[in-house]
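Visitor: Before anything else, here's the structure in question.
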Amino acid sequence: MTRTSIGRDVAYHRFRFPDELGRGTSDGVTAGPDGLVVDRPAGRVAHTDPHTGVTADYDRATWTSPPVRLGFPADEIVPSWTADTPPGCWLRVELRGWADADPSTDWYVLGDWAADEATIHRSSVPGQTGDDARVAEDTLRITGAVVTGWQVRVSLFRRPDAPVGPVLCTVGAVASTRAAAGPADASTPTGAGDLRGGPGRPARGRVLDVPRYSQRLHAGGETRWGGGGDSWCSPTCTSMVLDFWGAGPGPDRYAWVEPPGPRPVVVHAARQCYDHAYAGAGNWAFNMAYAGLHGVDAFVTRLRSLAEAERFVAAGVPLILSAAFTAGQVPGLDYDTRGHLMVLVGFTADGDPVLNDPYAPDDEGVRRTVPRAAFEAAWQSGSGGVTYVVRPASVPLPPPPEQANW
């Protein structure tokens, strides 16, 4: 398989627990019924939450993956995970690059994560820049090393008096080269066959009934968790897709929202996805970790084209895509954004994408159809094809291409 046969190198891999405990190296973790849990801790550490100044002692255990070989030199790696952290517990996720038989970068922290703010304030870790790589919130960017593989280490922290410990269900990462400047459909063929929807292109003319939620309903004075209407595209999209699957949180979970406003479930999601270092609710991995708390399978990957995305729609799975554009660059999207999440809900009979774009003044205006080539270019050049995949485990994913990116 050559680069020209696939258009762009993108590879996703993840580890599922407890089944794949033995694939890596354990230090104080063991298999629980739903994932990895703390067994006999490897040690005890004092951690100070930089956002509150509170210091507490925690028992620590770790699981370290084997190196994941890519077969190409990567420019960026984006992790994601699903887990649960009861009160008194949290996780730290780290990545490092590999080349041949040895590590080629230092370890970098890609998130200190907790399901709520009772123990720590979840956050990315700013200021991580080395000669080999740097961290941009949710992404490890390779700057001065050759990286042809990656390794992940997850530390599980539990206060000594916590009655229940954290659970790690899945952890994975997508590694990729930089996206090409032009439309991606021109290089569609891969070892997996035609990615334009398969025989009969079953995604064409199919629109999934994803509920329409406007993020801008929250623009009226909302200043918490990143600013409301202008910045809550990611948790709004995550909420739309969770509710599409009937997996969203019940009213008891967001009863704390006061005043309740137009859609308290989105306020709840924004708070639970909020990155206290980045000061926003758009951290890719944190959104998928939030989704995973609701019993669904959730991960971040990169797709090479809308042709690949058609396979998901044909399988009944909506996608959340990250794009960047200026007003008028994508006809029908008349605003500027350096990064915006939208739900891909289907395609017209001619193959144009149908979106639930939360940047609308009301729910009625959320549904938009845009030209295929212009939107695809904004998605690929804007984020490198970043995609959230959220679905119940009972709903099969489409078969992946030969160089698997899901």
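By order of appearance in the structure tokens: chains A, B, ..., then residues from 1 within every chain, and ligands from 1 in the order shown.
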What lies within 10 Å of Ile142 (chain A) using only C-alpha atoms, ignoring chain neighbours under 2 positions off, as a PyMOL selection string?

Guide: chain A and resi 73-77+96-97+105+130-135+139-140+144-147

Visitor: Any chance you could export the current selection's N, CA and C atoms as an mmCIF file, in the first residue's frame?

Guide:
```cif
data_model
loop_
_atom_site.group_PDB
_atom_site.id
_atom_site.type_symbol
_atom_site.label_atom_id
_atom_site.label_comp_id
_atom_site.auth_asym_id
_atom_site.auth_seq_id
_atom_site.Cartn_x
_atom_site.Cartn_y
_atom_site.Cartn_z
ATOM 1 N N PRO A 73 5.612 8.365 9.123
ATOM 2 C CA PRO A 73 5.976 9.390 10.104
ATOM 3 C C PRO A 73 4.801 10.329 10.371
ATOM 4 N N ALA A 74 4.390 10.408 11.618
ATOM 5 C CA ALA A 74 3.216 11.200 11.988
ATOM 6 C C ALA A 74 3.607 12.630 12.318
ATOM 7 N N ASP A 75 2.691 13.557 12.034
ATOM 8 C CA ASP A 75 2.841 14.955 12.415
ATOM 9 C C ASP A 75 2.059 15.287 13.683
ATOM 10 N N GLU A 76 0.920 14.609 13.892
ATOM 11 C CA GLU A 76 0.074 14.891 15.045
ATOM 12 C C GLU A 76 -0.539 13.605 15.576
ATOM 13 N N ILE A 77 -0.775 13.599 16.897
ATOM 14 C CA ILE A 77 -1.441 12.479 17.551
ATOM 15 C C ILE A 77 -2.483 13.059 18.503
ATOM 16 N N ARG A 96 3.715 9.480 24.249
ATOM 17 C CA ARG A 96 5.053 9.739 23.721
ATOM 18 C C ARG A 96 5.196 9.062 22.373
ATOM 19 N N GLY A 97 6.094 9.605 21.553
ATOM 20 C CA GLY A 97 6.331 9.047 20.244
ATOM 21 C C GLY A 97 7.410 7.986 20.264
ATOM 22 N N THR A 105 10.325 10.663 21.662
ATOM 23 C CA THR A 105 9.965 11.901 22.357
ATOM 24 C C THR A 105 9.866 11.609 23.847
ATOM 25 N N GLY A 130 8.885 20.946 23.928
ATOM 26 C CA GLY A 130 10.236 20.419 23.933
ATOM 27 C C GLY A 130 10.863 20.530 22.561
ATOM 28 N N ASP A 131 12.092 20.040 22.435
ATOM 29 C CA ASP A 131 12.753 20.027 21.137
ATOM 30 C C ASP A 131 12.124 19.007 20.195
ATOM 31 N N ASP A 132 11.394 18.049 20.754
ATOM 32 C CA ASP A 132 10.843 16.959 19.951
ATOM 33 C C ASP A 132 9.366 17.141 19.608
ATOM 34 N N ALA A 133 8.600 17.792 20.503
ATOM 35 C CA ALA A 133 7.151 17.900 20.318
ATOM 36 C C ALA A 133 6.618 18.988 21.233
ATOM 37 N N ARG A 134 5.324 19.293 21.044
ATOM 38 C CA ARG A 134 4.651 20.220 21.950
ATOM 39 C C ARG A 134 3.190 19.823 22.034
ATOM 40 N N VAL A 135 2.551 20.275 23.097
ATOM 41 C CA VAL A 135 1.136 19.982 23.311
ATOM 42 C C VAL A 135 0.319 21.223 22.992
ATOM 43 N N THR A 139 -3.883 17.928 21.524
ATOM 44 C CA THR A 139 -3.130 17.353 20.401
ATOM 45 C C THR A 139 -1.636 17.371 20.702
ATOM 46 N N LEU A 140 -0.950 16.251 20.428
ATOM 47 C CA LEU A 140 0.504 16.209 20.487
ATOM 48 C C LEU A 140 1.029 16.484 19.079
ATOM 49 N N GLY A 144 10.250 18.130 16.257
ATOM 50 C CA GLY A 144 11.675 17.930 16.011
ATOM 51 C C GLY A 144 12.115 16.496 16.156
ATOM 52 N N ALA A 145 11.212 15.568 15.943
ATOM 53 C CA ALA A 145 11.527 14.143 16.080
ATOM 54 C C ALA A 145 10.883 13.373 14.943
ATOM 55 N N VAL A 146 11.383 12.186 14.705
ATOM 56 C CA VAL A 146 10.718 11.245 13.805
ATOM 57 C C VAL A 146 9.850 10.344 14.672
ATOM 58 N N VAL A 147 8.562 10.308 14.367
ATOM 59 C CA VAL A 147 7.612 9.514 15.145
ATOM 60 C C VAL A 147 6.882 8.586 14.195
#
```

Visitor: Name the residues of region 77-318 of chain A that fall into strand (DSSP E or B) according to DSSP on the backbone, using the chain letters and numbers of this document, as a ChimeraX atom specification.

Guide: /A:77-84,89-99,102-103,108-113,123,129,133-136,139-142,149-158,167-176,190,193,204,207,275,280,297-302

Visitor: If we count only C-alpha atoms and set the cut-off at 9 Å, which residues sit around Asp275 (chain A), ignoring sequence neighbours fewer than 2 positions away in its own chain? Please answer as a VMD selection string.

Guide: chain A and resid 113 121 to 124 137 225 to 226 271 to 273 277 to 283 286

Visitor: Quick one: residues within 8 Å of region 37-49 of chain A, only C-alpha atoms counted, chain neighbours fewer than 2 positions away excluded, as an NGL selection string?

Guide: :A and (27-32 or 35 or 51-62 or 120-121 or 156 or 165-168)

Visitor: Could those residues be written to a file, using C-alpha atoms, as a PDB file, in the first residue's frame?

Guide:
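For reference, again15.pdb as written:
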```pdb
ATOM      1  CA  ASP A  27       1.652  -1.231  37.785  1.00  0.00           C
ATOM      2  CA  GLY A  28      -1.039  -1.467  40.414  1.00  0.00           C
ATOM      3  CA  VAL A  29      -4.049  -1.971  38.119  1.00  0.00           C
ATOM      4  CA  THR A  30      -6.195  -5.012  37.574  1.00  0.00           C
ATOM      5  CA  ALA A  31      -9.239  -6.055  35.564  1.00  0.00           C
ATOM      6  CA  GLY A  32     -12.645  -5.039  36.875  1.00  0.00           C
ATOM      7  CA  GLY A  35     -12.523  -1.822  32.789  1.00  0.00           C
ATOM      8  CA  HIS A  51      -6.887  25.795  39.572  1.00  0.00           C
ATOM      9  CA  THR A  52      -7.769  25.698  43.276  1.00  0.00           C
ATOM     10  CA  GLY A  53      -4.426  25.363  45.056  1.00  0.00           C
ATOM     11  CA  VAL A  54      -5.782  22.391  47.026  1.00  0.00           C
ATOM     12  CA  THR A  55      -3.242  19.633  47.713  1.00  0.00           C
ATOM     13  CA  ALA A  56      -4.305  16.071  48.475  1.00  0.00           C
ATOM     14  CA  ASP A  57      -2.707  12.637  48.644  1.00  0.00           C
ATOM     15  CA  TYR A  58      -3.664  10.007  46.092  1.00  0.00           C
ATOM     16  CA  ASP A  59      -2.916   6.346  45.573  1.00  0.00           C
ATOM     17  CA  ARG A  60      -1.554   5.903  42.036  1.00  0.00           C
ATOM     18  CA  ALA A  61      -1.618   2.988  39.592  1.00  0.00           C
ATOM     19  CA  THR A  62      -0.713   2.958  35.899  1.00  0.00           C
ATOM     20  CA  ILE A 120      -9.845  18.157  40.581  1.00  0.00           C
ATOM     21  CA  HIS A 121     -10.631  20.643  37.845  1.00  0.00           C
ATOM     22  CA  LEU A 156      -5.414   6.195  37.865  1.00  0.00           C
ATOM     23  CA  GLY A 165     -11.953   3.872  42.561  1.00  0.00           C
ATOM     24  CA  PRO A 166     -11.695   5.084  38.963  1.00  0.00           C
ATOM     25  CA  VAL A 167     -12.461   2.829  35.986  1.00  0.00           C
ATOM     26  CA  LEU A 168     -10.686   3.059  32.613  1.00  0.00           C
TER      27      LEU A 168
END
```

Visitor: Determine the nearest neighbour of Ser305 (chain A) from the options A:Val386, A:Leu217, A:Leu70, A:Ala11, counting only C-alpha atoms.

Guide: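 Answer, going by the shortest atom-to-atom distance: A:Val386.
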
Visitor: Can you pull out every residue from region 131-343 of chain A that DSSP, working from the backbone, puts in alpha helix (DSSP H), and format the result as JSON, numbers by chain?

Guide: {"A": [233, 234, 235, 236, 237, 238, 239, 240, 241, 242, 243, 244, 264, 265, 266, 267, 268, 269, 270, 271, 272, 273, 284, 285, 286, 287, 288, 289, 290, 291, 292, 306, 307, 308, 309, 310, 311, 312, 313, 314]}

Visitor: Can you pull out every residue within 9 Å of region 345-356 of chain A, counting only C-alpha atoms, but drop anything in the same chain fewer than 4 positions away, and send it as a PyMOL selection string?

Guide: chain A and resi 203-214+237+240+306+310+313-314+317-320+365-373+375-376

Visitor: Could the residues in this selection be written to a file with N, CA and C atoms, as a short mmCIF file (atom, residue, chain, number, x, y, z; two decimals), in the first residue's frame?

Guide:
```
data_model
loop_
_atom_site.label_atom_id
_atom_site.label_comp_id
_atom_site.auth_asym_id
_atom_site.auth_seq_id
_atom_site.Cartn_x
_atom_site.Cartn_y
_atom_site.Cartn_z
N ALA A 203 -25.70 6.24 1.39
CA ALA A 203 -25.83 7.46 2.20
C ALA A 203 -26.49 8.59 1.43
N ARG A 204 -26.46 8.52 0.09
CA ARG A 204 -27.04 9.60 -0.71
C ARG A 204 -28.55 9.63 -0.55
N GLY A 205 -29.07 10.79 -0.21
CA GLY A 205 -30.50 10.94 0.01
C GLY A 205 -30.96 10.51 1.39
N ARG A 206 -30.02 10.17 2.28
CA ARG A 206 -30.40 9.75 3.63
C ARG A 206 -30.05 10.86 4.62
N VAL A 207 -31.02 11.24 5.45
CA VAL A 207 -30.82 12.25 6.49
C VAL A 207 -31.31 11.66 7.81
N LEU A 208 -30.43 11.57 8.79
CA LEU A 208 -30.75 11.00 10.09
C LEU A 208 -31.49 12.03 10.94
N ASP A 209 -32.41 11.57 11.74
CA ASP A 209 -33.29 12.45 12.50
C ASP A 209 -32.63 12.88 13.82
N VAL A 210 -31.54 13.61 13.68
CA VAL A 210 -30.81 14.12 14.85
C VAL A 210 -31.51 15.39 15.33
N PRO A 211 -31.79 15.52 16.62
CA PRO A 211 -32.46 16.73 17.10
C PRO A 211 -31.61 17.97 16.85
N ARG A 212 -32.27 19.10 16.69
CA ARG A 212 -31.60 20.35 16.34
C ARG A 212 -31.49 21.25 17.58
N TYR A 213 -30.26 21.53 18.00
CA TYR A 213 -30.03 22.37 19.16
C TYR A 213 -29.17 23.56 18.75
N SER A 214 -29.62 24.74 19.09
CA SER A 214 -28.86 25.96 18.81
C SER A 214 -28.01 26.34 20.02
N CYS A 237 -23.15 19.97 20.08
CA CYS A 237 -23.17 18.84 19.13
C CYS A 237 -23.16 17.50 19.86
N MET A 240 -26.59 16.85 21.06
CA MET A 240 -27.50 16.44 19.98
C MET A 240 -27.35 14.96 19.67
N LEU A 306 -15.24 13.19 2.82
CA LEU A 306 -16.66 12.96 3.01
C LEU A 306 -17.07 11.60 2.45
N GLU A 310 -19.54 9.15 4.42
CA GLU A 310 -20.77 8.56 3.89
C GLU A 310 -21.00 7.16 4.44
N VAL A 313 -22.89 7.47 7.77
CA VAL A 313 -24.30 7.83 7.58
C VAL A 313 -25.08 6.64 7.03
N ALA A 314 -24.47 5.92 6.09
CA ALA A 314 -25.14 4.72 5.55
C ALA A 314 -25.40 3.69 6.64
N VAL A 317 -25.04 6.22 11.55
CA VAL A 317 -24.25 6.87 12.60
C VAL A 317 -23.94 8.30 12.20
N PRO A 318 -24.54 9.30 12.87
CA PRO A 318 -24.15 10.69 12.60
C PRO A 318 -22.75 10.96 13.14
N LEU A 319 -22.09 11.95 12.58
CA LEU A 319 -20.72 12.30 12.96
C LEU A 319 -20.66 13.77 13.37
N ILE A 320 -19.71 14.09 14.22
CA ILE A 320 -19.45 15.48 14.59
C ILE A 320 -18.11 15.87 13.98
N GLY A 365 -33.23 27.10 12.65
CA GLY A 365 -32.18 27.42 11.69
C GLY A 365 -30.97 26.51 11.74
N VAL A 366 -30.98 25.50 12.58
CA VAL A 366 -29.81 24.62 12.75
C VAL A 366 -29.55 23.77 11.52
N ARG A 367 -30.59 23.29 10.84
CA ARG A 367 -30.43 22.38 9.70
C ARG A 367 -30.00 23.16 8.47
N ARG A 368 -28.84 22.79 7.90
CA ARG A 368 -28.31 23.48 6.73
C ARG A 368 -27.70 22.47 5.76
N THR A 369 -27.88 22.74 4.46
CA THR A 369 -27.24 21.95 3.41
C THR A 369 -26.22 22.83 2.72
N VAL A 370 -25.01 22.31 2.54
CA VAL A 370 -23.91 23.11 2.01
C VAL A 370 -23.24 22.37 0.86
N PRO A 371 -22.52 23.09 -0.02
CA PRO A 371 -21.84 22.44 -1.15
C PRO A 371 -20.74 21.50 -0.66
N ARG A 372 -20.68 20.35 -1.27
CA ARG A 372 -19.79 19.29 -0.81
C ARG A 372 -18.31 19.70 -0.84
N ALA A 373 -17.84 20.16 -1.98
CA ALA A 373 -16.40 20.43 -2.12
C ALA A 373 -15.94 21.53 -1.19
N PHE A 375 -17.29 22.55 1.70
CA PHE A 375 -17.31 22.13 3.09
C PHE A 375 -16.19 21.14 3.38
N GLU A 376 -15.99 20.20 2.48
CA GLU A 376 -14.93 19.22 2.69
C GLU A 376 -13.57 19.90 2.83
#
```

Visitor: Just to confirm, what's the straight-line distance from CA of Ser176 (chain A) to CA of Leu341 (chain A) in Å (one decimal)?

Guide: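 CA of Leu341 (chain A) lies at a distance of 19.7 Å from CA of Ser176 (chain A).
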
Visitor: I'd like to know which of A:Gly248, A:Pro262, A:Pro67, A:Gly22 is closest to Gln215 (chain A), using only C-alpha atoms.

Guide: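 Of A:Gly248, A:Pro262, A:Pro67, A:Gly22, the one nearest Gln215 (chain A), counting only C-alpha atoms, is A:Pro262.
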
Visitor: CA of Arg304 (chain A) to CA of Leu344 (chain A): how many Å, to one decimal?

Guide: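 Going from CA of Arg304 (chain A) over to CA of Leu344 (chain A) covers 14.8 Å.
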
Visitor: Fewer than 3 positions away in the same chain doesn't count, so skip those; otherwise give me all residues within 6 Å of region 326-332 of chain A, counting only C-alpha atoms, as a PDB file with C-alpha atoms, in the first residue's frame.

Guide:
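Dumped everything to result_6.pdb:
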```
ATOM      1  CA  TYR A 335     -19.621  33.682   9.531  1.00  0.00           C
ATOM      2  CA  ASP A 336     -15.929  33.390  10.416  1.00  0.00           C
ATOM      3  CA  ALA A 374     -16.315  23.711  -0.205  1.00  0.00           C
ATOM      4  CA  PHE A 375     -17.313  22.127   3.091  1.00  0.00           C
TER       5      PHE A 375
END
```

Visitor: Out of A:Tyr274, A:Trp245, A:Trp232, A:Phe15, which residue has the shortest atom-to-atom distance to Gly111 (chain A) when counting only C-alpha atoms?

Guide: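 The shortest atom-to-atom distance to Gly111 (chain A) comes from A:Tyr274.
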
Visitor: As an exercise, work out the distance from CA of Ser322 (chain A) to CA of Gly382 (chain A) in Å and give it to one decimal place.

Guide: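 Interatomic distance, CA of Ser322 (chain A) to CA of Gly382 (chain A): 7.3 Å.
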
Visitor: Using only C-alpha atoms, which of the listed residues (A:Gly261, A:Gly228, A:Pro251, A:Pro79) sits closest to Val154 (chain A)?

Guide: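 Using only C-alpha atoms, the shortest distance to Val154 (chain A) belongs to A:Pro79.
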
Visitor: Name all residues at most 9 Å from Val109 (chain A) (count only C-alpha atoms; drop same-chain ones fewer than 3 positions away) and give them as a ChimeraX atom specification.

Guide: /A:92-95,112,124-125,128,135

Visitor: What does the file look like for those residues with N, CA and C atoms, as a PDB file, in the first residue's frame?

Guide:
```pdb
ATOM      1  N   ARG A  92      -4.832  10.684  34.599  1.00  0.00           N
ATOM      2  CA  ARG A  92      -3.875  11.444  33.791  1.00  0.00           C
ATOM      3  C   ARG A  92      -3.522  10.605  32.569  1.00  0.00           C
ATOM      4  N   VAL A  93      -3.617  11.209  31.380  1.00  0.00           N
ATOM      5  CA  VAL A  93      -3.316  10.527  30.121  1.00  0.00           C
ATOM      6  C   VAL A  93      -2.080  11.178  29.506  1.00  0.00           C
ATOM      7  N   GLU A  94      -1.071  10.339  29.204  1.00  0.00           N
ATOM      8  CA  GLU A  94       0.181  10.817  28.630  1.00  0.00           C
ATOM      9  C   GLU A  94       0.472  10.081  27.330  1.00  0.00           C
ATOM     10  N   LEU A  95       1.162  10.757  26.432  1.00  0.00           N
ATOM     11  CA  LEU A  95       1.605  10.175  25.164  1.00  0.00           C
ATOM     12  C   LEU A  95       3.091  10.407  24.978  1.00  0.00           C
ATOM     13  N   ASP A 112      -5.462  15.971  32.433  1.00  0.00           N
ATOM     14  CA  ASP A 112      -5.816  15.554  33.786  1.00  0.00           C
ATOM     15  C   ASP A 112      -7.329  15.630  33.837  1.00  0.00           C
ATOM     16  N   SER A 124      -6.331  20.447  30.361  1.00  0.00           N
ATOM     17  CA  SER A 124      -5.097  20.196  29.636  1.00  0.00           C
ATOM     18  C   SER A 124      -3.970  20.834  30.437  1.00  0.00           C
ATOM     19  N   VAL A 125      -2.737  20.595  30.014  1.00  0.00           N
ATOM     20  CA  VAL A 125      -1.586  21.090  30.774  1.00  0.00           C
ATOM     21  C   VAL A 125      -0.766  21.989  29.863  1.00  0.00           C
ATOM     22  N   GLN A 128       3.809  22.831  27.701  1.00  0.00           N
ATOM     23  CA  GLN A 128       4.616  21.652  27.398  1.00  0.00           C
ATOM     24  C   GLN A 128       5.191  21.774  25.988  1.00  0.00           C
ATOM     25  N   VAL A 135       2.551  20.275  23.097  1.00  0.00           N
ATOM     26  CA  VAL A 135       1.136  19.982  23.311  1.00  0.00           C
ATOM     27  C   VAL A 135       0.319  21.223  22.992  1.00  0.00           C
TER      28      VAL A 135
END
```

Visitor: Which residue, A:Leu91, A:Val257, A:Ala115, A:Leu110, has the smallest gap to Leu293 (chain A) when you use only C-alpha atoms?

Guide: A:Ala115

Visitor: Looking at A:Asp252, A:Asp116, A:Asp334, A:Glu222, which one is nearest to Pro86 (chain A), with distances taken over only C-alpha atoms?

Guide: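 Distance minimum relative to Pro86 (chain A) lands on A:Asp116.
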